[in-house]
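The structure appears below as structure tokens.
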Amino acid sequence: MVNLLLFTSAFCQPCSQTREVLAEVARLVPSASVTEMDVARYSAEAEAESVRMTPTVIIQDAAGAEVFRAVGVPTLQQVLVAAAKAV
């Protein structure tokens, strides 16, 4: 299982682009699970993960270890390579 955490905010235009990238990764990688958290609503989780800007993508392996972090819009290739490392 690969966990893709996406931290967003309400008026974040790059967040929409990041959602599209992660949706494509979820389509291509059956073991990927995407969880989106708005930093205003999930402030404790964002703080625990040291999220300072949106969008922030954190990819975790099945054990919950972080294998990749992107601040801003990651490319599809970046996320696919990181997801492969997390499997």
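Just so we're on the same page: first chain in the structure tokens is A, next is B, and so on; residues restart at 1 for each chain, and ligands are numbered from 1 in the order they show up.
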Set the distance at 12 Å and use only C-alpha atoms: which residues neighbour Asp38 in chain A once local chain neighbours fewer than 4 positions away are removed? I'd like the list as a PyMOL selection string. chain A and resi 5-12+15+42-47+51+53-56
Worksheet entry | Those in chain A with strand (DSSP E or B) from DSSP, as a ChimeraX atom specification | /A:2-8,32-38,56-60,66-71
### Message
Using only C-alpha atoms, which protein or nucleic acid residues come within 9 Å of range 22-25 of chain A? Drop anything in the same chain fewer than 3 positions from it, and give the result as an MDAnalysis selection string.
### Response
chainID A and resid 4 6 17:19 28:30 32 34 76 79:80 83
Please, could you write that set of residues out with C-alpha atoms as an mmCIF file, in the first residue's frame?
```cif
data_model
loop_
_atom_site.group_PDB
_atom_site.id
_atom_site.type_symbol
_atom_site.label_atom_id
_atom_site.label_comp_id
_atom_site.auth_asym_id
_atom_site.auth_seq_id
_atom_site.Cartn_x
_atom_site.Cartn_y
_atom_site.Cartn_z
ATOM 1 C CA LEU A 4 -0.424 9.733 -0.937
ATOM 2 C CA LEU A 6 -2.261 15.852 -0.159
ATOM 3 C CA GLN A 17 -3.285 20.664 -10.629
ATOM 4 C CA THR A 18 -1.863 18.460 -7.895
ATOM 5 C CA ARG A 19 -5.219 16.674 -7.488
ATOM 6 C CA LEU A 28 -2.010 3.828 -12.701
ATOM 7 C CA VAL A 29 -0.949 2.384 -9.325
ATOM 8 C CA PRO A 30 -3.685 0.148 -7.877
ATOM 9 C CA ALA A 32 -2.061 3.851 -4.136
ATOM 10 C CA VAL A 34 -4.984 9.350 -1.939
ATOM 11 C CA LEU A 76 3.488 12.716 -12.720
ATOM 12 C CA VAL A 79 5.160 10.825 -8.029
ATOM 13 C CA LEU A 80 5.313 7.560 -9.971
ATOM 14 C CA ALA A 83 5.350 5.469 -5.435
#
```
What is the CA of Gln13 in chain A to CA of Glu66 in chain A distance in Å?
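So the answer is 25.1 Å.
Take CA of Ala70 in chain A and CA of Val21 in chain A: the distance between them is 12.2 Å.
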- Task: Mind the document's chain letters and residue numbers, and return as an MDAnalysis selection string the residues of chain A that DSSP labels alpha helix (DSSP H).
- Result: chainID A and resid 13:28 43:48 76:86
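Straight-line separation from CA of Gln60 in chain A to CA of Val2 in chain A: 6.0 Å.
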Checklist line | Ala65 in chain A surroundings by only C-alpha atoms, 12 Å radius, close-in-sequence under 3 positions cut, as a list in words | finding: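 Counting only the stated atoms, we get Met1, Val2, Asn3, Leu4, Glu49, Ile58, Ile59, Gln60, Asp61, Ala62, Phe68, Arg69, Lys85, Ala86 and Val87 of chain A.
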Residue with the minimum atom-to-atom distance to Ser16 in chain A, picked from A:Val73, A:Ala63, A:Ala40, A:Val57 with only C-alpha atoms counted, is A:Val73
Review point. From the set A:Thr35, A:Glu20, A:Ala26, A:Arg41, which residue has the shortest atom-to-atom contact distance to Thr75 in chain A, counting only C-alpha atoms?
Key: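 Once distances to Thr75 in chain A are computed over only C-alpha atoms, the minimum belongs to A:Glu20.
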